[in-house]
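Enquirer: Sharing a structure below in structure tokens format, with a few things to ask.
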Amino acid sequence: MKIGIFHVAKLANLPLKRGEKENFEKQLFEILSYVEKLKGVDTRNVEITAQVTGLESVIREDETIPSLIQEEALSNAKSQHSGLFRVKAILE
Amino acid sequence: MKLNELTIKEAEDGLRSKKFSSVELTIACLEQIKKYNKELNVFITITEKEALYAAKKADKQLNNGTIEQWNNSPLLGIPIALKDLFSTKGIKTTAASKVLRDYIPPYDATVVKKLKDAGAVIIGKTNHDAWGHGGSGENSDFGQTKNPWNQEYVPGGSSSGSGASVAADMCLAATGTDTGGSSRLPAAFCNVVGFKPTYGRVSRYGIISMASSLDSIGHLTKTVEDSALILNITAGQDVHDATTSNEKFQDYAKNLKNGVRGIKIARPKEYFTQGLDIQIKRLTEDALKKYEMLGAEIIDVSLPHTEYANPCYYIIQPAEVSSNLAKYDGIRYGFPRENFGDEAKRRIMLGTYILSAGYYDTYYKKAMQVRTLIKQDFDKAFEKVDAIITPVSPTPPWKLGEKINDPLKMYLSDIFTVTANLAGIPGLSVPMGFVNELPVGMQILGPQFSEGLLFQIGHAYEQISEWYKRKPKL
């Protein structure tokens, strides 16, 4: 099982340094080999469990309730402009 | 006895009968922190100013208030520490990571608000494995926390600072999270009581998420009674967390002293196999004998899918981690993603791979099916017994640095604790004795929403074994 570590890192938006590649690839391979143990379990006709609460359709009234004001929402942003979050350009 | 060595119950009694003030109690904790924090590295942030302000306010209420008013603030004047995953308005909250090293939340987590409303004095934010990723405290970006019982050993994780802070009497209780054992393991390794609630019993709102279907919000205390007192405050439905339950509760300490006569306790054979340290096995068997002496019935059961729980967990958890940590892009808060530590990067990549096209069925879907089987094991067992007792960890605390270069070895320390998170059931870790002078613990597991029973069972053993009376030599 070859793990395309650079492909995975790209999907995960994680910049990896050249020197980190081998180590992470080896560790990920070991961990995946360990979890492959599940292949030995017979899961035919077994339902999946995505959550253990059994709750469904938890909703509330569509009423406006207090939230963060603009200053609070921006208070940790390192790059802002006129009360907005500033991001890198994605279009030419 | 010094004021910071008291339990919550003892402190409450002392405050209300005016034997001492909350300011005196808080100062005693702060002095303990000043004395030992540098060498133990327990706190990331110490909120001295805010704590003294809250303590003064508590003293005013204690002096002028009525008993009825005090009963509306059950934690009035009690110094409590918070794991640094808990958002505290205006107070730095780092997730023990370089990514959030300067993050100041503009709001309190629901649990934080509840503790404050109950009168608690927040004394600081404790160190932990960054993002909750770890079982030893060694994955913190702010240095490792040391075990107060022996500073060459790990205090357990991920709530390492919380475990150490309670063991070292730096506070009267500390909050934790438990996604795969992160409140129960440090409690076991620090000789304190660690609690994991039923999934959905305590709101996760405002607590930095790790794996959303597994995270539960717990706490560490000196005694089982104190643990019940904290749950009385933190439990409850929350409009901000759609996974919380509206299951009613009154007083989790109500049946505390009822004993265990007639209670059926299971000993699951899969937790007592050859991988278990021989001394821990003996201590657990001793504890079960004590329960028999007290009138409980010990029944052997099988939880046949136990060996698949850890691999199942290490598929589901990283997958959910990779999704939850996608929000840290340095735009709205924090520093860019290259600031993630190695363990965080590992789990994000593992999760991304597992969820990527072509692998989802092989890993994630399979794990979700195995999760059903693990939950069914517990459901079937609970038809026959009231609770299940197992060791918390297959080994005693290990030396700092011993497992840090082998991530998989580190993951194997979770094999007994992840089962409760997969099944969504509550667990109480209580001190069980010492191996080579290092603490170990046992966990009491019960059906969903059986927390009151767990406290009842835990209290019975605690009172006859008295491990909680031992303190580390600092």
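Residue names in the structure tokens use chain letters A, B, ... in the order shown, residue numbers from 1 in each chain, and ligand numbers from 1 in the order shown.
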From a DSSP calculation on the backbone, collect every residue of region 320-445 of chain B in alpha helix (DSSP H) and output the set as a ChimeraX atom specification.

Expert: /B:320-324,342-355,366-384,407-411,418-423

Enquirer: The selected residues should be written to file as a PDB file, in the first residue's frame (atoms: C-alpha atoms).

Expert:
ATOM      1  CA  GLU B 320     -13.165  13.302  12.382  1.00  0.00           C
ATOM      2  CA  VAL B 321     -10.025  15.163  13.535  1.00  0.00           C
ATOM      3  CA  SER B 322      -9.037  15.909   9.940  1.00  0.00           C
ATOM      4  CA  SER B 323     -12.437  17.486   9.416  1.00  0.00           C
ATOM      5  CA  ASN B 324     -12.489  19.482  12.656  1.00  0.00           C
ATOM      6  CA  ASP B 342       3.882  16.381  14.321  1.00  0.00           C
ATOM      7  CA  GLU B 343       1.130  14.400  16.043  1.00  0.00           C
ATOM      8  CA  ALA B 344      -1.563  16.770  14.754  1.00  0.00           C
ATOM      9  CA  LYS B 345      -0.127  16.525  11.243  1.00  0.00           C
ATOM     10  CA  ARG B 346      -0.065  12.732  11.492  1.00  0.00           C
ATOM     11  CA  ARG B 347      -3.702  12.512  12.532  1.00  0.00           C
ATOM     12  CA  ILE B 348      -4.873  15.052   9.961  1.00  0.00           C
ATOM     13  CA  MET B 349      -3.123  13.166   7.171  1.00  0.00           C
ATOM     14  CA  LEU B 350      -4.316   9.782   8.408  1.00  0.00           C
ATOM     15  CA  GLY B 351      -7.884  11.070   8.544  1.00  0.00           C
ATOM     16  CA  THR B 352      -7.636  12.723   5.140  1.00  0.00           C
ATOM     17  CA  TYR B 353      -6.365   9.496   3.585  1.00  0.00           C
ATOM     18  CA  ILE B 354      -9.092   7.431   5.261  1.00  0.00           C
ATOM     19  CA  LEU B 355     -11.827   9.733   3.983  1.00  0.00           C
ATOM     20  CA  LYS B 366     -15.960  -0.562   7.990  1.00  0.00           C
ATOM     21  CA  ALA B 367     -15.034   1.134  11.259  1.00  0.00           C
ATOM     22  CA  MET B 368     -18.563   2.507  11.655  1.00  0.00           C
ATOM     23  CA  GLN B 369     -19.898  -1.023  11.292  1.00  0.00           C
ATOM     24  CA  VAL B 370     -17.423  -2.406  13.823  1.00  0.00           C
ATOM     25  CA  ARG B 371     -18.498   0.426  16.126  1.00  0.00           C
ATOM     26  CA  THR B 372     -22.042  -0.985  16.017  1.00  0.00           C
ATOM     27  CA  LEU B 373     -20.732  -4.404  17.071  1.00  0.00           C
ATOM     28  CA  ILE B 374     -18.729  -2.902  19.941  1.00  0.00           C
ATOM     29  CA  LYS B 375     -21.772  -0.982  21.160  1.00  0.00           C
ATOM     30  CA  GLN B 376     -23.879  -4.144  20.915  1.00  0.00           C
ATOM     31  CA  ASP B 377     -21.349  -6.030  23.074  1.00  0.00           C
ATOM     32  CA  PHE B 378     -22.000  -3.492  25.835  1.00  0.00           C
ATOM     33  CA  ASP B 379     -25.785  -3.440  25.318  1.00  0.00           C
ATOM     34  CA  LYS B 380     -25.881  -7.236  25.671  1.00  0.00           C
ATOM     35  CA  ALA B 381     -23.667  -7.176  28.774  1.00  0.00           C
ATOM     36  CA  PHE B 382     -25.806  -4.515  30.440  1.00  0.00           C
ATOM     37  CA  GLU B 383     -28.830  -6.768  30.105  1.00  0.00           C
ATOM     38  CA  LYS B 384     -27.117  -9.052  32.614  1.00  0.00           C
ATOM     39  CA  PRO B 407       3.278   6.785  17.684  1.00  0.00           C
ATOM     40  CA  LEU B 408       1.692   3.354  17.307  1.00  0.00           C
ATOM     41  CA  LYS B 409       3.117   2.237  20.678  1.00  0.00           C
ATOM     42  CA  MET B 410       1.559   5.326  22.230  1.00  0.00           C
ATOM     43  CA  TYR B 411      -1.830   4.500  20.675  1.00  0.00           C
ATOM     44  CA  VAL B 418     -11.613   3.884  23.741  1.00  0.00           C
ATOM     45  CA  THR B 419     -14.432   1.355  24.074  1.00  0.00           C
ATOM     46  CA  ALA B 420     -16.525   3.713  26.235  1.00  0.00           C
ATOM     47  CA  ASN B 421     -16.217   6.527  23.681  1.00  0.00           C
ATOM     48  CA  LEU B 422     -17.186   4.267  20.787  1.00  0.00           C
ATOM     49  CA  ALA B 423     -20.246   3.042  22.687  1.00  0.00           C
TER      50      ALA B 423
END

Enquirer: Just the residues within 12 Å of Gly4 (chain A), please, counting only C-alpha atoms, with nothing from its chain fewer than 3 positions along; format it as a VMD selection string.

Expert: (chain A and resid 1 7 to 11 21 to 22 24 to 26 28 to 29) or (chain B and resid 349 to 350 352 to 353 356)

Enquirer: Restricted to N, CA and C atoms, what would the selected residues look like written as an mmCIF file, in the first residue's frame?

Expert:
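Dumped to again-v4.cif:
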data_model
loop_
_atom_site.group_PDB
_atom_site.id
_atom_site.type_symbol
_atom_site.label_atom_id
_atom_site.label_comp_id
_atom_site.auth_asym_id
_atom_site.auth_seq_id
_atom_site.Cartn_x
_atom_site.Cartn_y
_atom_site.Cartn_z
ATOM 1 N N MET A 1 0.843 -1.198 0.000
ATOM 2 C CA MET A 1 0.000 0.000 0.000
ATOM 3 C C MET A 1 0.878 1.248 0.000
ATOM 4 N N HIS A 7 0.321 13.915 -1.991
ATOM 5 C CA HIS A 7 -1.056 14.082 -2.408
ATOM 6 C C HIS A 7 -1.961 14.270 -1.190
ATOM 7 N N VAL A 8 -1.740 13.424 -0.179
ATOM 8 C CA VAL A 8 -2.532 13.522 1.054
ATOM 9 C C VAL A 8 -2.300 14.865 1.728
ATOM 10 N N ALA A 9 -1.051 15.283 1.777
ATOM 11 C CA ALA A 9 -0.732 16.561 2.419
ATOM 12 C C ALA A 9 -1.396 17.713 1.671
ATOM 13 N N LYS A 10 -1.467 17.592 0.367
ATOM 14 C CA LYS A 10 -2.109 18.639 -0.435
ATOM 15 C C LYS A 10 -3.606 18.678 -0.143
ATOM 16 N N LEU A 11 -4.249 17.496 -0.107
ATOM 17 C CA LEU A 11 -5.677 17.424 0.221
ATOM 18 C C LEU A 11 -5.951 18.021 1.595
ATOM 19 N N LYS A 21 8.902 13.970 4.631
ATOM 20 C CA LYS A 21 8.170 13.012 3.812
ATOM 21 C C LYS A 21 8.362 11.568 4.278
ATOM 22 N N GLU A 22 9.621 11.107 4.352
ATOM 23 C CA GLU A 22 9.896 9.696 4.654
ATOM 24 C C GLU A 22 9.318 9.276 5.992
ATOM 25 N N PHE A 24 6.911 10.588 7.947
ATOM 26 C CA PHE A 24 5.454 10.538 8.013
ATOM 27 C C PHE A 24 4.916 9.371 7.204
ATOM 28 N N GLU A 25 5.501 9.139 6.041
ATOM 29 C CA GLU A 25 5.031 8.057 5.180
ATOM 30 C C GLU A 25 5.174 6.732 5.913
ATOM 31 N N LYS A 26 6.314 6.532 6.548
ATOM 32 C CA LYS A 26 6.573 5.280 7.290
ATOM 33 C C LYS A 26 5.582 5.133 8.442
ATOM 34 N N LEU A 28 2.610 6.582 8.885
ATOM 35 C CA LEU A 28 1.244 6.401 8.408
ATOM 36 C C LEU A 28 1.044 4.964 7.920
ATOM 37 N N PHE A 29 2.059 4.433 7.240
ATOM 38 C CA PHE A 29 1.982 3.062 6.758
ATOM 39 C C PHE A 29 1.817 2.089 7.931
ATOM 40 N N MET B 349 -3.413 13.872 8.422
ATOM 41 C CA MET B 349 -3.123 13.166 7.171
ATOM 42 C C MET B 349 -3.764 11.776 7.164
ATOM 43 N N LEU B 350 -3.692 11.102 8.281
ATOM 44 C CA LEU B 350 -4.316 9.782 8.408
ATOM 45 C C LEU B 350 -5.814 9.901 8.115
ATOM 46 N N THR B 352 -7.406 12.297 6.522
ATOM 47 C CA THR B 352 -7.636 12.723 5.140
ATOM 48 C C THR B 352 -7.552 11.524 4.198
ATOM 49 N N TYR B 353 -6.545 10.697 4.412
ATOM 50 C CA TYR B 353 -6.365 9.496 3.585
ATOM 51 C C TYR B 353 -7.568 8.564 3.727
ATOM 52 N N SER B 356 -10.554 9.799 1.918
ATOM 53 C CA SER B 356 -10.398 10.174 0.510
ATOM 54 C C SER B 356 -11.040 9.128 -0.397
#

Enquirer: Using only C-alpha atoms, select each residue of chain A with any atom at most 8 Å away from an atom of chain B, and give the selection as a VMD selection string.

Expert: chain A and resid 8 to 9 11 to 16 24 27 to 28 30 to 31 34 to 38 41 43 46 to 53 55 58 to 60 68 72 to 79 85 to 87

Enquirer: CA of Phe6 (chain A) and CA of Lys98 (chain B), how far apart in Å?

Expert: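 Spanning CA of Lys98 (chain B) to CA of Phe6 (chain A) is a straight-line distance of 23.0 Å.
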
Enquirer: Using Å and a single decimal, report how far CA of Pro148 (chain B) sits from CA of Val166 (chain B).

Expert: 9.9 Å

Enquirer: Residues near region 461-468 of chain B, anyone? I mean within 8 Å using only C-alpha atoms, not counting same-chain ones fewer than 6 positions away, as a list in words.

Expert: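 With the cut-off at 8 Å, the set is Asn191, Val192, Lys222, Thr223, Val224, Ala287, Lys290, Tyr291, Val430, Pro431, Met432 and Gly433 of chain B.
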
Enquirer: Just write the chosen residues, C-alpha atoms, as a PDB file, in the first residue's frame.

Expert:
ATOM      1  CA  ASN B 191      -4.148   9.046  41.806  1.00  0.00           C
ATOM      2  CA  VAL B 192      -7.251  11.182  41.343  1.00  0.00           C
ATOM      3  CA  LYS B 222      -9.887  14.331  44.498  1.00  0.00           C
ATOM      4  CA  THR B 223     -12.916  12.237  45.473  1.00  0.00           C
ATOM      5  CA  VAL B 224     -15.912  10.533  43.889  1.00  0.00           C
ATOM      6  CA  ALA B 287     -10.688  -4.469  44.070  1.00  0.00           C
ATOM      7  CA  LYS B 290     -13.474  -6.001  47.957  1.00  0.00           C
ATOM      8  CA  TYR B 291     -16.675  -5.355  46.025  1.00  0.00           C
ATOM      9  CA  VAL B 430     -10.903   5.716  40.536  1.00  0.00           C
ATOM     10  CA  PRO B 431      -7.500   5.196  42.178  1.00  0.00           C
ATOM     11  CA  MET B 432      -6.744   1.519  42.621  1.00  0.00           C
ATOM     12  CA  GLY B 433      -3.266   1.509  44.152  1.00  0.00           C
TER      13      GLY B 433
END

Enquirer: Which residues are close to region 40-44 of chain B, i.e. within 8 Å by only C-alpha atoms, leaving aside same-chain residues fewer than 6 positions away? Reply as a PyMOL selection string.

Expert: chain B and resi 84+96+124-127+142-148+151+160-162+164-165

Enquirer: For the residues in that selection, give me N, CA and C atoms as an mmCIF file, in the first residue's frame.

Expert:
data_model
loop_
_atom_site.group_PDB
_atom_site.id
_atom_site.type_symbol
_atom_site.label_atom_id
_atom_site.label_comp_id
_atom_site.auth_asym_id
_atom_site.auth_seq_id
_atom_site.Cartn_x
_atom_site.Cartn_y
_atom_site.Cartn_z
ATOM 1 N N ASP B 84 -6.959 23.652 28.646
ATOM 2 C CA ASP B 84 -6.890 24.771 27.701
ATOM 3 C C ASP B 84 -7.582 24.519 26.367
ATOM 4 N N ALA B 96 -3.173 24.124 23.589
ATOM 5 C CA ALA B 96 -1.786 23.686 23.784
ATOM 6 C C ALA B 96 -1.026 23.604 22.467
ATOM 7 N N GLY B 124 -6.975 28.985 36.355
ATOM 8 C CA GLY B 124 -6.025 28.957 35.248
ATOM 9 C C GLY B 124 -6.380 27.916 34.211
ATOM 10 N N LYS B 125 -5.582 27.899 33.129
ATOM 11 C CA LYS B 125 -5.792 26.960 32.016
ATOM 12 C C LYS B 125 -4.655 25.940 32.008
ATOM 13 N N THR B 126 -5.044 24.675 32.057
ATOM 14 C CA THR B 126 -4.017 23.640 32.198
ATOM 15 C C THR B 126 -3.481 23.140 30.868
ATOM 16 N N ASN B 127 -2.236 22.660 30.932
ATOM 17 C CA ASN B 127 -1.505 22.110 29.808
ATOM 18 C C ASN B 127 -2.080 20.750 29.422
ATOM 19 N N PHE B 142 3.795 23.321 24.395
ATOM 20 C CA PHE B 142 4.295 24.179 25.477
ATOM 21 C C PHE B 142 5.084 23.369 26.499
ATOM 22 N N GLY B 143 5.672 22.274 26.070
ATOM 23 C CA GLY B 143 6.483 21.463 26.984
ATOM 24 C C GLY B 143 5.657 20.429 27.706
ATOM 25 N N GLN B 144 6.308 19.375 28.185
ATOM 26 C CA GLN B 144 5.559 18.294 28.808
ATOM 27 C C GLN B 144 5.266 18.574 30.274
ATOM 28 N N THR B 145 4.114 18.111 30.722
ATOM 29 C CA THR B 145 3.776 18.166 32.140
ATOM 30 C C THR B 145 4.388 16.942 32.798
ATOM 31 N N LYS B 146 4.894 17.099 34.020
ATOM 32 C CA LYS B 146 5.505 15.974 34.721
ATOM 33 C C LYS B 146 4.526 15.372 35.724
ATOM 34 N N ASN B 147 4.668 14.086 35.983
ATOM 35 C CA ASN B 147 3.819 13.425 36.969
ATOM 36 C C ASN B 147 4.279 13.844 38.367
ATOM 37 N N PRO B 148 3.393 14.462 39.190
ATOM 38 C CA PRO B 148 3.799 14.900 40.529
ATOM 39 C C PRO B 148 4.310 13.749 41.404
ATOM 40 N N GLN B 151 8.707 12.758 38.808
ATOM 41 C CA GLN B 151 8.817 13.695 37.702
ATOM 42 C C GLN B 151 9.510 13.131 36.469
ATOM 43 N N SER B 160 -3.311 16.064 30.813
ATOM 44 C CA SER B 160 -2.157 15.874 31.695
ATOM 45 C C SER B 160 -2.078 16.947 32.780
ATOM 46 N N GLY B 161 -2.218 18.204 32.385
ATOM 47 C CA GLY B 161 -2.155 19.296 33.362
ATOM 48 C C GLY B 161 -3.284 19.219 34.373
ATOM 49 N N SER B 162 -4.473 18.830 33.906
ATOM 50 C CA SER B 162 -5.614 18.721 34.818
ATOM 51 C C SER B 162 -5.362 17.652 35.864
ATOM 52 N N ALA B 164 -2.397 16.477 36.896
ATOM 53 C CA ALA B 164 -1.312 16.915 37.775
ATOM 54 C C ALA B 164 -1.772 18.024 38.721
ATOM 55 N N SER B 165 -2.624 18.932 38.221
ATOM 56 C CA SER B 165 -3.035 20.074 39.058
ATOM 57 C C SER B 165 -3.841 19.619 40.267
#
